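**Student:** What follows is the file target_35.cif, containing mmCIF, N, CA and C atoms:
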data_entry
#
loop_
_atom_site.label_atom_id
_atom_site.label_comp_id
_atom_site.auth_asym_id
_atom_site.auth_seq_id
_atom_site.Cartn_x
_atom_site.Cartn_y
_atom_site.Cartn_z
N MET A 1 -52.38 -17.33 3.61
CA MET A 1 -51.81 -16.56 4.68
C MET A 1 -52.90 -16.11 5.65
N GLN A 2 -54.05 -15.73 5.13
CA GLN A 2 -55.12 -15.27 6.00
C GLN A 2 -56.09 -16.38 6.38
N ASP A 3 -56.04 -17.50 5.69
CA ASP A 3 -57.01 -18.56 5.94
C ASP A 3 -56.73 -19.37 7.19
N ALA A 4 -55.46 -19.61 7.50
CA ALA A 4 -55.15 -20.50 8.61
C ALA A 4 -54.01 -19.98 9.49
N PRO A 5 -54.12 -18.74 9.97
CA PRO A 5 -53.05 -18.24 10.85
C PRO A 5 -53.14 -18.87 12.23
N TYR A 6 -52.04 -18.84 12.93
CA TYR A 6 -51.99 -19.43 14.26
C TYR A 6 -52.54 -18.49 15.33
N CYS A 7 -52.63 -17.20 15.02
CA CYS A 7 -53.13 -16.26 16.03
C CYS A 7 -53.80 -15.08 15.33
N ASP A 8 -54.51 -14.27 16.10
CA ASP A 8 -55.20 -13.10 15.55
C ASP A 8 -54.20 -12.08 15.00
N PHE A 9 -53.05 -11.96 15.62
CA PHE A 9 -52.03 -11.03 15.15
C PHE A 9 -51.64 -11.35 13.72
N ALA A 10 -51.38 -12.59 13.41
CA ALA A 10 -51.00 -12.99 12.06
C ALA A 10 -52.14 -12.74 11.08
N ARG A 11 -53.35 -12.94 11.50
CA ARG A 11 -54.51 -12.74 10.63
C ARG A 11 -54.64 -11.27 10.25
N THR A 12 -54.48 -10.37 11.20
CA THR A 12 -54.67 -8.94 10.92
C THR A 12 -53.45 -8.30 10.26
N THR A 13 -52.27 -8.75 10.58
CA THR A 13 -51.08 -8.13 10.00
C THR A 13 -50.78 -8.61 8.59
N SER A 14 -51.35 -9.69 8.16
CA SER A 14 -51.10 -10.17 6.80
C SER A 14 -51.89 -9.38 5.76
N GLY A 15 -52.89 -8.65 6.18
CA GLY A 15 -53.73 -7.88 5.25
C GLY A 15 -52.96 -6.91 4.37
N PRO A 16 -52.10 -6.06 4.93
CA PRO A 16 -51.35 -5.14 4.08
C PRO A 16 -50.44 -5.84 3.08
N VAL A 17 -49.84 -6.94 3.46
CA VAL A 17 -48.97 -7.68 2.55
C VAL A 17 -49.79 -8.23 1.38
N VAL A 18 -50.93 -8.79 1.67
CA VAL A 18 -51.80 -9.34 0.63
C VAL A 18 -52.26 -8.22 -0.32
N THR A 19 -52.62 -7.06 0.24
CA THR A 19 -53.05 -5.93 -0.58
C THR A 19 -51.94 -5.43 -1.48
N ILE A 20 -50.74 -5.28 -0.94
CA ILE A 20 -49.60 -4.81 -1.73
C ILE A 20 -49.32 -5.78 -2.87
N LEU A 21 -49.32 -7.06 -2.58
CA LEU A 21 -49.07 -8.05 -3.63
C LEU A 21 -50.17 -8.06 -4.68
N LYS A 22 -51.39 -7.81 -4.25
CA LYS A 22 -52.52 -7.77 -5.19
C LYS A 22 -52.33 -6.64 -6.20
N HIS A 23 -51.88 -5.50 -5.74
CA HIS A 23 -51.80 -4.32 -6.61
C HIS A 23 -50.43 -4.12 -7.27
N PHE A 24 -49.36 -4.66 -6.69
CA PHE A 24 -48.01 -4.40 -7.19
C PHE A 24 -47.21 -5.68 -7.41
N ARG A 25 -47.87 -6.78 -7.68
CA ARG A 25 -47.19 -8.07 -7.82
C ARG A 25 -46.11 -8.05 -8.90
N ALA A 26 -46.41 -7.50 -10.07
CA ALA A 26 -45.44 -7.47 -11.17
C ALA A 26 -44.17 -6.72 -10.77
N GLU A 27 -44.35 -5.62 -10.05
CA GLU A 27 -43.19 -4.84 -9.62
C GLU A 27 -42.33 -5.63 -8.63
N PHE A 28 -42.96 -6.31 -7.69
CA PHE A 28 -42.22 -7.15 -6.74
C PHE A 28 -41.48 -8.26 -7.47
N GLU A 29 -42.13 -8.88 -8.43
CA GLU A 29 -41.49 -9.97 -9.17
C GLU A 29 -40.27 -9.48 -9.94
N LYS A 30 -40.33 -8.29 -10.51
CA LYS A 30 -39.17 -7.74 -11.21
C LYS A 30 -38.02 -7.49 -10.23
N HIS A 31 -38.35 -6.98 -9.05
CA HIS A 31 -37.32 -6.76 -8.03
C HIS A 31 -36.64 -8.08 -7.67
N ILE A 32 -37.42 -9.11 -7.48
CA ILE A 32 -36.89 -10.39 -7.02
C ILE A 32 -36.22 -11.17 -8.15
N ASP A 33 -36.92 -11.34 -9.27
CA ASP A 33 -36.42 -12.19 -10.35
C ASP A 33 -35.35 -11.53 -11.20
N GLN A 34 -35.57 -10.26 -11.55
CA GLN A 34 -34.66 -9.58 -12.47
C GLN A 34 -33.71 -8.60 -11.77
N ARG A 35 -33.93 -8.41 -10.47
CA ARG A 35 -33.13 -7.46 -9.68
C ARG A 35 -33.14 -6.08 -10.33
N VAL A 36 -34.33 -5.65 -10.76
CA VAL A 36 -34.53 -4.36 -11.40
C VAL A 36 -35.67 -3.63 -10.70
N CYS A 37 -35.49 -2.33 -10.49
CA CYS A 37 -36.55 -1.51 -9.91
C CYS A 37 -37.25 -0.77 -11.04
N PRO A 38 -38.48 -1.15 -11.40
CA PRO A 38 -39.18 -0.51 -12.50
C PRO A 38 -39.36 1.00 -12.29
N ALA A 39 -39.46 1.43 -11.05
CA ALA A 39 -39.66 2.85 -10.75
C ALA A 39 -38.33 3.61 -10.68
N GLY A 40 -37.22 2.88 -10.65
CA GLY A 40 -35.92 3.53 -10.57
C GLY A 40 -35.65 4.16 -9.22
N GLU A 41 -36.31 3.68 -8.19
CA GLU A 41 -36.19 4.26 -6.86
C GLU A 41 -35.29 3.48 -5.91
N CYS A 42 -34.91 2.31 -6.27
CA CYS A 42 -34.14 1.46 -5.36
C CYS A 42 -32.65 1.55 -5.67
N GLU A 43 -32.02 2.62 -5.22
CA GLU A 43 -30.61 2.83 -5.47
C GLU A 43 -29.76 1.71 -4.87
N ALA A 44 -30.15 1.21 -3.72
CA ALA A 44 -29.39 0.13 -3.07
C ALA A 44 -29.42 -1.13 -3.93
N LEU A 45 -30.54 -1.42 -4.54
CA LEU A 45 -30.66 -2.59 -5.41
C LEU A 45 -29.75 -2.44 -6.62
N GLU A 46 -29.74 -1.25 -7.20
CA GLU A 46 -28.89 -0.98 -8.35
C GLU A 46 -27.41 -1.09 -7.97
N LYS A 47 -27.03 -0.54 -6.85
CA LYS A 47 -25.64 -0.58 -6.39
C LYS A 47 -25.21 -2.02 -6.12
N GLU A 48 -26.06 -2.79 -5.47
CA GLU A 48 -25.75 -4.19 -5.17
C GLU A 48 -25.58 -4.99 -6.46
N THR A 49 -26.43 -4.75 -7.43
CA THR A 49 -26.34 -5.46 -8.71
C THR A 49 -25.04 -5.09 -9.42
N GLU A 50 -24.67 -3.82 -9.41
CA GLU A 50 -23.42 -3.38 -10.03
C GLU A 50 -22.22 -4.02 -9.35
N ASP A 51 -22.23 -4.06 -8.02
CA ASP A 51 -21.13 -4.67 -7.26
C ASP A 51 -20.97 -6.14 -7.61
N LYS A 52 -22.06 -6.86 -7.72
CA LYS A 52 -22.01 -8.29 -8.05
C LYS A 52 -21.48 -8.49 -9.47
N GLU A 53 -21.89 -7.62 -10.40
CA GLU A 53 -21.40 -7.73 -11.78
C GLU A 53 -19.90 -7.46 -11.83
N THR A 54 -19.43 -6.49 -11.05
CA THR A 54 -18.01 -6.16 -11.01
C THR A 54 -17.22 -7.34 -10.46
N GLU A 55 -17.73 -7.95 -9.40
CA GLU A 55 -17.06 -9.11 -8.80
C GLU A 55 -17.01 -10.27 -9.79
N ALA A 56 -18.04 -10.42 -10.61
CA ALA A 56 -18.12 -11.52 -11.57
C ALA A 56 -17.34 -11.23 -12.84
N GLY A 57 -16.82 -10.00 -12.95
CA GLY A 57 -16.03 -9.65 -14.13
C GLY A 57 -16.85 -9.06 -15.24
N GLY A 58 -18.10 -8.68 -14.95
CA GLY A 58 -18.96 -8.05 -15.95
C GLY A 58 -18.74 -6.56 -16.01
N GLU A 59 -19.43 -5.90 -16.90
CA GLU A 59 -19.29 -4.45 -17.02
C GLU A 59 -20.39 -3.73 -16.31
#
Translate this file's structure into structure tokens.

**Tutor:**
Amino acid sequence: MQDAPYCDFARTTSGPVVTILKHFRAEFEKHIDQRVCPAGECEALEKETEDKETEAGGE
């Protein structure tokens, strides 16, 4: 992401994303793969998951 950007804007704005992924990668992966918030702070994620389970006939 930082090695071959098309412009200076992309080079400088990718820094925070790279840093966040470096320090919180496992948490992001749980959000994406397991649809779980390890910190319990993502109420919208929990609500969306519950809605999908209800639609699918789960509990």

**Student:** Can you work out the spacing between atom C of Phe9 of chain A and atom N of Asp33 of chain A in Å, to one decimal?

**Tutor:**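 Between atom C of Phe9 of chain A and atom N of Asp33 of chain A the gap works out to 27.3 Å.
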
**Student:** In Å, rounded to a single decimal, give me how far atom CA of Pro38 of chain A is from atom CA of Ala26 of chain A.

**Tutor:**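 Going from atom CA of Ala26 of chain A over to atom CA of Pro38 of chain A, I get 9.5 Å.
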
**Student:** Draw an axis-aligned box tight on the listed atoms of segment 17-20 of chain A, then pad every side by 5 Å and write out centre and edge lengths in Å to one decimal as AutoDock Vina command-line options.

**Tutor:**
--center_x -51.0 --center_y -7.1 --center_z 0.3 --size_x 14.1 --size_y 14.5 --size_z 16.3

**Student:** So how many Å separate atom C of Phe24 of chain A and atom CA of Gly40 of chain A, to one decimal?

**Tutor:** 14.9 Å

**Student:** Would you return as a ChimeraX atom specification the members of segment 1-47 of chain A that DSSP assigns to alpha helix (DSSP H) on this structure's backbone?

**Tutor:** /A:8-29,43-47
